[in-house]
>>> print(open('input_11.cif').read())   # mmCIF, C-alpha atoms and all ligand atoms
data_entry
#
loop_
_atom_site.label_atom_id
_atom_site.label_comp_id
_atom_site.auth_asym_id
_atom_site.auth_seq_id
_atom_site.Cartn_x
_atom_site.Cartn_y
_atom_site.Cartn_z
CA MET F 226 0.00 0.00 0.00
CA LYS F 227 2.95 2.33 -0.47
CA ILE F 228 3.25 4.95 -3.20
CA SER F 229 5.97 3.66 -5.50
CA SER F 230 6.05 6.23 -8.32
CA ILE F 231 4.23 9.26 -9.72
CA GLU F 232 3.86 10.45 -13.31
CA ALA F 233 2.70 13.90 -14.49
CA ILE F 234 1.87 13.73 -18.19
CA PRO F 235 0.92 16.95 -20.04
CA PHE F 236 -1.66 16.53 -22.77
CA ALA F 237 -3.68 18.84 -25.01
CA ILE F 238 -7.12 18.23 -26.50
CA PRO F 239 -8.77 20.99 -28.57
CA TYR F 240 -12.24 22.25 -27.82
CA LEU F 241 -14.88 22.18 -30.56
CA LYS F 242 -15.56 25.81 -29.72
CA PRO F 243 -13.88 28.06 -27.14
CA LEU F 244 -15.53 28.53 -23.74
CA ARG F 245 -15.44 32.25 -22.92
CA PHE F 246 -16.17 34.00 -19.62
CA ALA F 247 -15.33 37.29 -17.92
CA SER F 248 -11.95 36.21 -16.53
CA GLY F 249 -10.62 34.22 -19.48
CA GLU F 250 -11.25 31.65 -22.18
CA VAL F 251 -10.29 28.07 -22.94
CA ASP F 252 -9.94 26.64 -26.44
CA VAL F 253 -7.55 23.77 -25.75
CA ALA F 254 -7.72 21.55 -22.67
CA LYS F 255 -4.07 21.79 -21.60
CA HIS F 256 -4.27 19.45 -18.62
CA VAL F 257 -1.90 17.15 -16.78
CA LEU F 258 -2.71 13.47 -16.28
CA VAL F 259 -1.49 12.38 -12.87
CA ARG F 260 -0.82 8.69 -12.25
CA VAL F 261 0.16 7.44 -8.82
CA ARG F 262 1.39 3.84 -8.64
CA SER F 263 1.37 1.68 -5.51
CA ASP F 264 3.73 -1.16 -4.76
CA ASP F 265 0.69 -3.48 -5.12
CA GLY F 266 0.77 -2.79 -8.86
CA LEU F 267 -2.33 -0.54 -8.86
CA ILE F 268 -2.54 2.87 -10.57
CA GLY F 269 -4.59 5.80 -9.25
CA VAL F 270 -5.49 8.45 -11.80
CA ALA F 271 -6.71 12.07 -11.84
CA GLU F 272 -6.18 15.21 -13.93
CA ALA F 273 -4.97 18.73 -13.10
CA PRO F 274 -6.33 21.50 -15.35
CA ALA F 275 -3.96 24.44 -15.81
CA ARG F 276 -5.97 27.61 -15.08
CA PRO F 277 -3.49 30.50 -14.99
CA PHE F 278 -6.31 33.07 -14.88
CA THR F 279 -7.66 31.57 -11.66
CA TYR F 280 -4.81 29.87 -9.79
CA GLY F 281 -1.62 30.99 -11.54
CA GLU F 282 -0.68 27.41 -12.44
CA THR F 283 0.42 26.51 -15.96
CA GLN F 284 0.70 23.07 -17.51
CA GLU F 285 4.49 23.35 -17.23
CA SER F 286 4.36 24.48 -13.60
CA ILE F 287 2.05 21.60 -12.65
CA VAL F 288 4.42 19.03 -14.17
CA ALA F 289 7.44 20.69 -12.58
CA VAL F 290 6.03 20.96 -9.06
CA ILE F 291 4.84 17.35 -9.11
CA GLU F 292 8.09 15.95 -10.51
CA THR F 293 10.56 18.04 -8.57
CA ILE F 294 8.84 18.76 -5.23
CA PHE F 295 5.76 16.61 -4.54
CA ALA F 296 6.82 13.21 -5.87
CA PRO F 297 10.09 13.12 -3.87
CA GLN F 298 8.10 14.10 -0.73
CA ILE F 299 5.37 11.46 -0.92
CA VAL F 300 6.84 8.45 -2.75
CA GLY F 301 7.28 5.76 -0.10
CA MET F 302 4.32 6.94 2.03
CA SER F 303 1.29 4.68 2.60
CA ILE F 304 -1.78 5.52 0.51
CA LEU F 305 -3.73 5.62 3.80
CA ASP F 306 -1.52 8.41 5.20
CA ARG F 307 -3.73 11.08 3.70
CA GLU F 308 -3.15 13.69 6.40
CA ALA F 309 0.61 13.14 6.33
CA ILE F 310 0.57 13.37 2.53
CA HIS F 311 -1.26 16.72 2.77
CA ALA F 312 1.10 17.96 5.46
CA ALA F 313 3.97 17.23 3.06
CA LEU F 314 2.26 18.87 0.07
CA ASP F 315 1.27 21.91 2.15
CA ARG F 316 4.91 22.73 2.84
CA THR F 317 4.62 24.30 -0.62
CA VAL F 318 2.14 27.15 -0.96
CA ALA F 319 -0.50 27.37 -3.73
CA ASN F 320 -0.47 24.83 -6.62
CA PRO F 321 -4.05 23.76 -5.86
CA THR F 322 -4.80 21.64 -8.93
CA ALA F 323 -1.46 19.79 -8.74
CA LYS F 324 -2.10 18.92 -5.07
CA SER F 325 -5.72 18.00 -5.75
CA ALA F 326 -4.89 15.64 -8.60
CA LEU F 327 -2.45 13.83 -6.32
CA ASP F 328 -5.07 13.66 -3.55
CA MET F 329 -7.72 12.22 -5.88
CA ALA F 330 -5.32 9.73 -7.46
CA VAL F 331 -4.46 8.50 -3.95
CA TRP F 332 -8.18 8.12 -3.13
CA ASP F 333 -8.59 6.20 -6.40
CA LEU F 334 -5.82 3.86 -5.21
CA ILE F 335 -7.46 3.45 -1.80
CA GLY F 336 -10.75 2.51 -3.47
CA GLN F 337 -9.07 0.05 -5.80
CA THR F 338 -7.11 -1.48 -2.93
CA LEU F 339 -10.28 -1.95 -0.84
CA GLY F 340 -12.42 -2.98 -3.83
CA GLN F 341 -14.83 -0.07 -3.10
CA GLN F 342 -16.12 2.94 -5.04
CA VAL F 343 -14.67 6.22 -3.76
CA THR F 344 -18.24 7.56 -3.64
CA ALA F 345 -19.10 4.81 -1.15
CA LEU F 346 -16.00 5.51 0.93
CA LEU F 347 -16.69 9.26 1.06
CA GLY F 348 -20.35 9.16 1.99
CA GLY F 349 -22.27 6.73 -0.21
CA TYR F 350 -25.38 8.92 -0.46
CA SER F 351 -26.27 8.21 -4.11
CA ASP F 352 -24.76 7.17 -7.41
CA SER F 353 -25.69 10.07 -9.70
CA MET F 354 -26.30 13.81 -9.87
CA ARG F 355 -28.51 16.14 -11.83
CA VAL F 356 -26.43 18.06 -14.37
CA SER F 357 -26.17 21.81 -14.81
CA HIS F 358 -24.67 23.11 -18.06
CA MET F 359 -22.49 26.24 -18.14
CA LEU F 360 -23.24 28.58 -21.06
CA GLY F 361 -20.15 30.55 -22.13
CA PHE F 362 -20.20 33.96 -23.78
CA ALA F 363 -21.67 34.11 -27.28
CA GLU F 364 -24.31 36.06 -29.13
CA PRO F 365 -27.63 35.79 -27.24
CA ALA F 366 -29.22 33.67 -30.00
CA LYS F 367 -26.32 31.20 -29.90
CA MET F 368 -26.51 30.86 -26.12
CA VAL F 369 -30.23 30.13 -26.42
CA ALA F 370 -29.59 27.58 -29.20
CA GLU F 371 -26.94 25.83 -27.09
CA ALA F 372 -29.26 25.62 -24.09
CA GLU F 373 -32.02 24.19 -26.28
CA ARG F 374 -29.63 21.60 -27.74
CA MET F 375 -28.48 20.57 -24.24
CA ARG F 376 -32.08 20.23 -23.09
CA ASP F 377 -33.23 18.34 -26.19
CA THR F 378 -30.19 16.05 -26.49
CA PHE F 379 -29.24 15.37 -22.88
CA GLY F 380 -32.33 16.32 -20.88
CA ILE F 381 -30.43 19.09 -19.04
CA THR F 382 -32.78 21.64 -17.47
CA THR F 383 -30.40 23.69 -15.30
CA PHE F 384 -28.11 26.32 -16.82
CA LYS F 385 -25.39 28.51 -15.37
CA VAL F 386 -25.21 31.62 -17.54
CA LYS F 387 -21.87 33.38 -17.81
CA VAL F 388 -22.33 37.12 -17.31
CA GLY F 389 -19.84 39.88 -16.50
CA ARG F 390 -19.58 41.56 -19.90
CA LYS F 391 -21.96 44.50 -20.22
CA PRO F 392 -24.80 44.18 -17.73
CA PHE F 393 -27.22 46.20 -19.85
CA GLY F 394 -27.47 45.70 -23.59
CA LEU F 395 -26.01 42.18 -23.30
CA ASP F 396 -25.96 40.08 -20.11
CA VAL F 397 -29.44 40.90 -18.82
CA GLU F 398 -30.82 40.46 -22.33
CA VAL F 399 -29.19 37.00 -22.65
CA CYS F 400 -30.83 35.85 -19.41
CA ARG F 401 -34.17 37.24 -20.53
CA ALA F 402 -33.87 35.54 -23.93
CA LEU F 403 -33.08 32.21 -22.23
CA ARG F 404 -36.05 32.46 -19.90
CA GLU F 405 -38.37 33.43 -22.76
CA ALA F 406 -37.14 30.66 -25.08
CA LEU F 407 -36.94 27.86 -22.50
CA GLY F 408 -39.96 28.69 -20.38
CA PRO F 409 -40.58 28.48 -16.64
CA ASP F 410 -39.50 24.87 -16.10
CA ILE F 411 -35.77 25.34 -16.42
CA GLU F 412 -33.45 26.61 -13.69
CA LEU F 413 -31.19 29.58 -14.47
CA TYR F 414 -28.39 31.11 -12.42
CA VAL F 415 -25.60 33.53 -13.22
CA ASP F 416 -21.80 33.63 -12.78
CA GLY F 417 -19.97 36.92 -13.36
CA ASN F 418 -16.36 35.83 -12.76
CA ARG F 419 -15.90 39.24 -11.08
CA GLY F 420 -16.78 41.16 -14.25
CA TRP F 421 -19.26 43.63 -12.77
CA THR F 422 -18.95 46.22 -10.01
CA PRO F 423 -21.10 45.77 -6.90
CA SER F 424 -23.54 48.48 -7.99
CA GLU F 425 -23.78 47.15 -11.56
CA SER F 426 -24.45 43.72 -10.07
CA LEU F 427 -27.35 44.90 -7.94
CA ARG F 428 -28.86 46.95 -10.76
CA ALA F 429 -28.64 43.92 -13.04
CA LEU F 430 -30.15 41.61 -10.41
CA ASN F 431 -33.01 44.07 -9.91
CA ALA F 432 -33.56 44.25 -13.66
CA MET F 433 -33.77 40.44 -13.72
CA SER F 434 -36.03 40.11 -10.67
CA ASP F 435 -38.79 38.56 -12.79
CA LEU F 436 -36.51 35.87 -14.28
CA ASP F 437 -36.49 33.55 -11.25
CA LEU F 438 -32.70 33.23 -11.03
CA THR F 439 -31.68 30.80 -8.30
CA LEU F 440 -28.03 31.71 -7.56
CA ALA F 441 -25.59 34.55 -8.22
CA GLU F 442 -21.87 33.65 -8.35
CA GLU F 443 -18.82 35.94 -8.09
CA LEU F 444 -20.59 38.87 -9.76
CA CYS F 445 -17.95 41.32 -8.47
CA PRO F 446 -14.49 40.83 -6.88
CA ALA F 447 -14.39 39.78 -3.21
CA ASP F 448 -11.64 42.41 -2.86
CA ASP F 449 -14.36 45.07 -3.29
CA VAL F 450 -14.80 44.28 0.38
CA LEU F 451 -17.54 46.68 1.49
CA GLY F 452 -19.27 46.74 -1.90
CA ARG F 453 -19.35 42.96 -2.01
CA LYS F 454 -20.75 42.71 1.54
CA TRP F 455 -23.43 45.26 0.61
CA LEU F 456 -24.24 43.30 -2.56
CA VAL F 457 -24.55 39.99 -0.70
CA GLU F 458 -26.81 41.61 1.93
CA ASN F 459 -29.09 42.89 -0.82
CA CYS F 460 -28.91 39.88 -3.14
CA PRO F 461 -32.27 38.10 -3.35
CA VAL F 462 -30.72 34.65 -3.90
CA PRO F 463 -27.71 32.82 -2.38
CA PHE F 464 -24.45 34.50 -3.43
CA VAL F 465 -21.86 31.87 -4.35
CA ALA F 466 -18.12 32.20 -3.67
CA ASP F 467 -16.11 30.41 -6.35
CA GLU F 468 -12.61 31.58 -7.28
CA SER F 469 -12.45 33.92 -4.26
CA ALA F 470 -12.76 31.02 -1.79
CA THR F 471 -10.54 28.16 -2.87
CA THR F 472 -9.33 26.82 0.48
CA PRO F 473 -11.15 25.85 3.69
CA GLY F 474 -9.75 28.98 5.39
CA GLU F 475 -10.87 31.32 2.60
CA VAL F 476 -14.33 29.74 2.66
CA THR F 477 -14.67 30.37 6.40
CA ARG F 478 -13.43 33.96 6.05
CA GLU F 479 -15.89 34.74 3.25
CA LEU F 480 -18.86 33.15 4.95
CA LEU F 481 -18.15 34.85 8.28
CA SER F 482 -17.36 38.24 6.74
CA GLY F 483 -20.48 38.29 4.58
CA ALA F 484 -18.62 38.11 1.24
CA ALA F 485 -20.77 35.10 0.27
CA ASN F 486 -23.43 32.85 1.71
CA ALA F 487 -23.04 29.84 -0.59
CA VAL F 488 -19.98 27.95 -1.82
CA SER F 489 -18.86 26.35 -5.08
CA ILE F 490 -16.94 23.14 -4.40
CA LYS F 491 -14.51 22.15 -7.15
CA THR F 492 -12.67 18.89 -6.75
CA ALA F 493 -10.13 20.14 -9.31
CA ARG F 494 -8.83 22.61 -6.72
CA THR F 495 -9.62 20.93 -3.39
CA GLY F 496 -9.45 17.24 -4.29
CA PHE F 497 -11.60 14.90 -2.26
CA SER F 498 -9.94 15.56 1.11
CA HIS F 499 -10.24 19.35 1.23
CA SER F 500 -13.59 19.32 -0.60
CA GLN F 501 -14.84 17.27 2.34
CA ARG F 502 -13.61 19.93 4.76
CA ILE F 503 -15.27 22.69 2.76
CA LEU F 504 -18.51 20.73 2.53
CA PHE F 505 -18.64 19.96 6.25
CA GLN F 506 -17.86 23.53 7.28
CA SER F 507 -20.49 24.85 4.82
CA ASP F 508 -23.03 22.38 6.20
CA GLY F 509 -22.15 23.40 9.73
CA LEU F 510 -22.49 27.10 8.96
CA GLY F 511 -25.72 26.63 7.01
CA ALA F 512 -24.34 27.69 3.63
CA GLU F 513 -25.61 26.02 0.47
CA VAL F 514 -23.11 24.37 -1.86
CA VAL F 515 -22.96 23.70 -5.57
CA MET F 516 -20.58 21.25 -7.26
CA GLY F 517 -18.73 23.58 -9.63
CA ASN F 518 -16.90 23.11 -12.90
CA GLN F 519 -13.24 23.95 -13.41
CA ILE F 520 -13.82 23.44 -17.16
CA ASP F 521 -13.00 19.83 -16.47
CA GLY F 522 -12.52 17.09 -19.02
CA GLN F 523 -14.13 13.70 -18.52
CA ILE F 524 -11.57 12.63 -15.90
CA GLY F 525 -12.19 15.75 -13.81
CA THR F 526 -15.94 15.47 -14.32
CA LEU F 527 -15.92 11.88 -13.09
CA CYS F 528 -14.05 13.09 -10.01
CA THR F 529 -16.66 15.83 -9.45
CA VAL F 530 -19.61 13.43 -9.65
CA THR F 531 -17.74 10.87 -7.53
CA PHE F 532 -17.61 13.45 -4.74
CA GLY F 533 -20.92 15.18 -5.40
CA ALA F 534 -22.97 11.97 -5.42
CA ALA F 535 -21.48 10.91 -2.08
CA PHE F 536 -23.28 13.47 0.12
CA ARG F 537 -26.84 14.66 0.55
CA SER F 538 -26.16 18.39 0.53
CA THR F 539 -24.09 18.26 -2.68
CA THR F 540 -26.95 16.51 -4.49
CA LEU F 541 -29.58 19.11 -3.58
CA ARG F 542 -28.51 21.27 -6.52
CA ALA F 543 -27.49 20.17 -10.02
CA GLY F 544 -23.72 19.78 -10.42
CA GLU F 545 -21.81 21.47 -13.24
CA LEU F 546 -20.88 18.30 -15.06
CA SER F 547 -21.30 18.79 -18.78
CA ASN F 548 -18.68 21.07 -20.30
CA PHE F 549 -16.56 18.11 -21.39
CA LEU F 550 -19.19 17.91 -24.17
CA ASP F 551 -17.45 20.92 -25.77
CA MET F 552 -14.17 19.00 -26.15
CA SER F 553 -13.30 17.28 -29.43
CA ASP F 554 -12.16 14.09 -27.65
CA ASP F 555 -11.05 12.77 -24.26
CA LEU F 556 -8.87 10.11 -22.66
CA LEU F 557 -11.38 7.66 -21.13
CA THR F 558 -11.84 4.21 -22.68
CA GLU F 559 -15.61 4.60 -22.23
CA PRO F 560 -16.98 8.14 -22.59
CA LEU F 561 -19.22 9.64 -19.93
CA GLU F 562 -22.89 9.76 -20.84
CA ILE F 563 -25.49 12.23 -19.62
CA VAL F 564 -28.89 10.55 -19.71
CA ASP F 565 -32.16 12.29 -18.80
CA GLY F 566 -30.17 15.19 -17.38
CA ARG F 567 -28.17 13.00 -14.96
CA LEU F 568 -24.61 11.76 -14.77
CA SER F 569 -23.76 8.57 -12.87
CA THR F 570 -20.66 7.51 -11.00
CA ARG F 571 -18.78 4.49 -12.34
CA GLN F 572 -19.75 1.18 -10.75
CA ALA F 573 -16.13 0.17 -10.24
CA PRO F 574 -13.58 0.27 -7.42
CA GLY F 575 -11.91 3.65 -6.95
CA THR F 576 -13.19 6.42 -9.20
CA GLY F 577 -13.43 4.08 -12.18
CA ILE F 578 -11.18 6.15 -14.45
CA GLN F 579 -9.80 3.96 -17.26
CA ILE F 580 -7.39 5.65 -19.65
CA ASP F 581 -7.32 4.66 -23.31
CA PRO F 582 -3.60 4.15 -24.12
CA GLU F 583 -4.02 5.06 -27.79
CA LYS F 584 -5.75 8.32 -26.97
CA LEU F 585 -3.12 9.17 -24.40
CA ALA F 586 -0.37 8.45 -26.97
CA LYS F 587 -2.15 10.72 -29.44
CA TYR F 588 -2.64 13.71 -27.12
CA ARG F 589 0.32 13.61 -24.73
CA LEU F 590 2.84 16.40 -25.23
CA ASP F 591 5.89 14.73 -23.71
CA ASP F 592 7.94 12.01 -25.40
CA GLY F 593 6.18 9.21 -23.50
CA ASN F 594 9.24 7.98 -21.61
C1 LIG H 1 -16.61 29.05 -13.17
O1 LIG H 1 -17.47 28.57 -12.45
O2 LIG H 1 -16.22 30.18 -12.96
C2 LIG H 1 -14.28 29.70 -15.24
C3 LIG H 1 -13.27 30.28 -14.53
C4 LIG H 1 -13.02 29.46 -13.43
O3 LIG H 1 -12.21 29.62 -12.52
O4 LIG H 1 -13.84 28.38 -13.45
C5 LIG H 1 -14.64 28.44 -14.61
C6 LIG H 1 -16.06 28.22 -14.30
MG MG H 2 -17.59 30.47 -11.20
#
>>> encode(input="input_11.cif", output="structure tokens")
Amino acid sequence: MKISSIEAIPFAIPYLKPLRFASGEVDVAKHVLVRVRSDDGLIGVAEAPARPFTYGETQESIVAVIETIFAPQIVGMSILDREAIHAALDRTVANPTAKSALDMAVWDLIGQTLGQQVTALLGGYSDSMRVSHMLGFAEPAKMVAEAERMRDTFGITTFKVKVGRKPFGLDVEVCRALREALGPDIELYVDGNRGWTPSESLRALNAMSDLDLTLAEELCPADDVLGRKWLVENCPVPFVADESATTPGEVTRELLSGAANAVSIKTARTGFSHSQRILFQSDGLGAEVVMGNQIDGQIGTLCTVTFGAAFRSTTLRAGELSNFLDMSDDLLTEPLEIVDGRLSTRQAPGTGIQIDPEKLAKYRLDDGN
């Protein structure tokens, strides 16, 4: 049960169309496949998505920190020593997706070693989640057409609408067009990626008061401290902290200071171990959670649903589990399938991630040695 070696393999898979939002855009999934081997001959797998606009990590930095700092620290440790593994990783600041991929690969190994699904080990609440689809920036008519296609093809009825461009003359109009085209039975919420000011945010929310939005996420920067607190106090729906609250400590600070009253949990940045801490502290403080999307591929999405399905409070809202559909390909042997608006966990020990060797050979950026 000891970690015997660790690989960090950079790969790149193009998107069919770029995903655009207020803080950046992604047109190629430049991720890092992390494989942790145990001396029992098992391999735990996860992926780290490079998101320089959110965490400062690049694909190159993720590979480098894993190969030169993290692997030497944790090779030789037992896969059950999760707290000791984190203590070692936390000697280095930041690098959240690199640390999280290692954490989830270790959990995958634990599940495989015990012959149990990670979902069952974490909480075992259910084996699927409702799916929410994130609509990136486009012309209003295109965003409506994409939502209709997602509803008609996959049965998805919850949409997170990216806002944070121009509140009036664009963002508000997109939300209105979606509500008018899709009718009252779909759920809509908005994510500004800090693109608006606090006062623009409240004006826009007031202008959309008849649209039955259910959540508002990161409409303005958390660093607009007083403005953000004022906005949250006046916001008619839960205000979600996403990129401003990426560690258990940041989550506590934001909830207690009034910078947010709901939390986006992303396994890509807090793995399974720290996502658990964030979930339990949110539950304890009475803050709603949503399983968020770090623009994950299928590996990351499987990790998100593995965690999200495990607990009651993470299943109360739809999880953001569908943007892998925008990628031209992926690395799993068997693609994920969204059926009737739901995504299931894999009925296999661990997280059930199986990598197709031919696809990996095609998309990996290193020389494969
Ligand atoms: C989201 O929920 O904001 C875009 C930027 C980021 O950090 O995550 C994505 C999705
Ligand atoms: Mg967000």
>>> residues_near_ligand(input="input_11.cif", ligand="ligand LIG 1 (chain H)", cutoff="6 Å", atoms="only C-alpha atoms and all ligand atoms", output="list in words")
Thr279, Asn418, Glu468, Gly517, Asn518, Gln519 and Ile520 of chain F
>>> residues_near_point(input="input_11.cif", point="(-3.2, 12.3, -17.8)", cutoff="8 Å", atoms="all atoms listed in the file", output="list in words")
Ala233, Ile234, Pro235, Phe236, His256, Val257, Leu258, Val259, Arg260, Val270, Ala271, Glu272, Leu556, Leu585 and Arg589 of chain F
>>> residues_near_ligand(input="input_11.cif", ligand="ligand MG 2 (chain H)", cutoff="12 Å", atoms="only C-alpha atoms and all ligand atoms", output="PyMOL selection string")
chain F and resi 246-249+279+359-361+385-389+414-420+440-446+464-471+487-491+515-520+545
>>> closest_residue(input="input_11.cif", among="F:Thr344, F:Leu339, F:Leu557, F:Glu308", to="Asp265 of chain F", atoms="all atoms listed in the file")
F:Leu339
>>> atom_distance(input="input_11.cif", atom1="atom CA of Pro574 of chain F", atom2="atom CA of Ile294 of chain F")
29.1 Å
>>> closest_residue(input="input_11.cif", among="F:Leu550, F:Ile563, F:Ile580, F:Ala345", to="Leu241 of chain F", atoms="all atoms listed in the file")
F:Leu550
>>> decode(input="input_11.cif", residues="segment 419-500 of chain F", atoms="C-alpha atoms", output="mmCIF file, in the first residue's frame")
data_model
loop_
_atom_site.group_PDB
_atom_site.id
_atom_site.type_symbol
_atom_site.label_atom_id
_atom_site.label_comp_id
_atom_site.auth_asym_id
_atom_site.auth_seq_id
_atom_site.Cartn_x
_atom_site.Cartn_y
_atom_site.Cartn_z
ATOM 1 C CA ARG F 419 -15.899 39.240 -11.079
ATOM 2 C CA GLY F 420 -16.780 41.160 -14.254
ATOM 3 C CA TRP F 421 -19.259 43.632 -12.768
ATOM 4 C CA THR F 422 -18.954 46.221 -10.012
ATOM 5 C CA PRO F 423 -21.100 45.768 -6.896
ATOM 6 C CA SER F 424 -23.545 48.476 -7.992
ATOM 7 C CA GLU F 425 -23.777 47.152 -11.556
ATOM 8 C CA SER F 426 -24.448 43.724 -10.073
ATOM 9 C CA LEU F 427 -27.354 44.900 -7.940
ATOM 10 C CA ARG F 428 -28.863 46.948 -10.764
ATOM 11 C CA ALA F 429 -28.642 43.925 -13.044
ATOM 12 C CA LEU F 430 -30.154 41.605 -10.414
ATOM 13 C CA ASN F 431 -33.012 44.075 -9.907
ATOM 14 C CA ALA F 432 -33.561 44.249 -13.662
ATOM 15 C CA MET F 433 -33.771 40.440 -13.717
ATOM 16 C CA SER F 434 -36.031 40.110 -10.671
ATOM 17 C CA ASP F 435 -38.788 38.559 -12.791
ATOM 18 C CA LEU F 436 -36.511 35.873 -14.276
ATOM 19 C CA ASP F 437 -36.490 33.547 -11.251
ATOM 20 C CA LEU F 438 -32.696 33.234 -11.026
ATOM 21 C CA THR F 439 -31.681 30.798 -8.299
ATOM 22 C CA LEU F 440 -28.031 31.711 -7.557
ATOM 23 C CA ALA F 441 -25.588 34.552 -8.222
ATOM 24 C CA GLU F 442 -21.869 33.650 -8.349
ATOM 25 C CA GLU F 443 -18.824 35.940 -8.089
ATOM 26 C CA LEU F 444 -20.594 38.873 -9.756
ATOM 27 C CA CYS F 445 -17.950 41.316 -8.469
ATOM 28 C CA PRO F 446 -14.495 40.832 -6.883
ATOM 29 C CA ALA F 447 -14.390 39.783 -3.213
ATOM 30 C CA ASP F 448 -11.642 42.408 -2.862
ATOM 31 C CA ASP F 449 -14.357 45.074 -3.291
ATOM 32 C CA VAL F 450 -14.800 44.280 0.377
ATOM 33 C CA LEU F 451 -17.544 46.678 1.487
ATOM 34 C CA GLY F 452 -19.274 46.736 -1.899
ATOM 35 C CA ARG F 453 -19.348 42.960 -2.012
ATOM 36 C CA LYS F 454 -20.751 42.708 1.537
ATOM 37 C CA TRP F 455 -23.429 45.257 0.612
ATOM 38 C CA LEU F 456 -24.240 43.299 -2.560
ATOM 39 C CA VAL F 457 -24.550 39.994 -0.695
ATOM 40 C CA GLU F 458 -26.815 41.610 1.928
ATOM 41 C CA ASN F 459 -29.086 42.893 -0.824
ATOM 42 C CA CYS F 460 -28.907 39.879 -3.141
ATOM 43 C CA PRO F 461 -32.275 38.105 -3.347
ATOM 44 C CA VAL F 462 -30.716 34.649 -3.901
ATOM 45 C CA PRO F 463 -27.709 32.815 -2.383
ATOM 46 C CA PHE F 464 -24.451 34.495 -3.428
ATOM 47 C CA VAL F 465 -21.857 31.865 -4.352
ATOM 48 C CA ALA F 466 -18.123 32.197 -3.673
ATOM 49 C CA ASP F 467 -16.112 30.414 -6.352
ATOM 50 C CA GLU F 468 -12.608 31.583 -7.277
ATOM 51 C CA SER F 469 -12.451 33.915 -4.258
ATOM 52 C CA ALA F 470 -12.759 31.019 -1.792
ATOM 53 C CA THR F 471 -10.538 28.159 -2.868
ATOM 54 C CA THR F 472 -9.327 26.819 0.482
ATOM 55 C CA PRO F 473 -11.146 25.848 3.688
ATOM 56 C CA GLY F 474 -9.751 28.980 5.389
ATOM 57 C CA GLU F 475 -10.873 31.318 2.597
ATOM 58 C CA VAL F 476 -14.330 29.741 2.661
ATOM 59 C CA THR F 477 -14.669 30.373 6.403
ATOM 60 C CA ARG F 478 -13.428 33.956 6.051
ATOM 61 C CA GLU F 479 -15.889 34.736 3.249
ATOM 62 C CA LEU F 480 -18.863 33.152 4.954
ATOM 63 C CA LEU F 481 -18.154 34.854 8.279
ATOM 64 C CA SER F 482 -17.358 38.244 6.745
ATOM 65 C CA GLY F 483 -20.485 38.295 4.583
ATOM 66 C CA ALA F 484 -18.624 38.112 1.245
ATOM 67 C CA ALA F 485 -20.771 35.103 0.270
ATOM 68 C CA ASN F 486 -23.432 32.854 1.711
ATOM 69 C CA ALA F 487 -23.040 29.839 -0.592
ATOM 70 C CA VAL F 488 -19.981 27.948 -1.824
ATOM 71 C CA SER F 489 -18.860 26.349 -5.076
ATOM 72 C CA ILE F 490 -16.942 23.142 -4.396
ATOM 73 C CA LYS F 491 -14.509 22.155 -7.150
ATOM 74 C CA THR F 492 -12.668 18.886 -6.749
ATOM 75 C CA ALA F 493 -10.125 20.137 -9.312
ATOM 76 C CA ARG F 494 -8.826 22.615 -6.721
ATOM 77 C CA THR F 495 -9.621 20.930 -3.388
ATOM 78 C CA GLY F 496 -9.446 17.241 -4.295
ATOM 79 C CA PHE F 497 -11.601 14.897 -2.264
ATOM 80 C CA SER F 498 -9.937 15.562 1.114
ATOM 81 C CA HIS F 499 -10.237 19.351 1.225
ATOM 82 C CA SER F 500 -13.586 19.322 -0.605
#
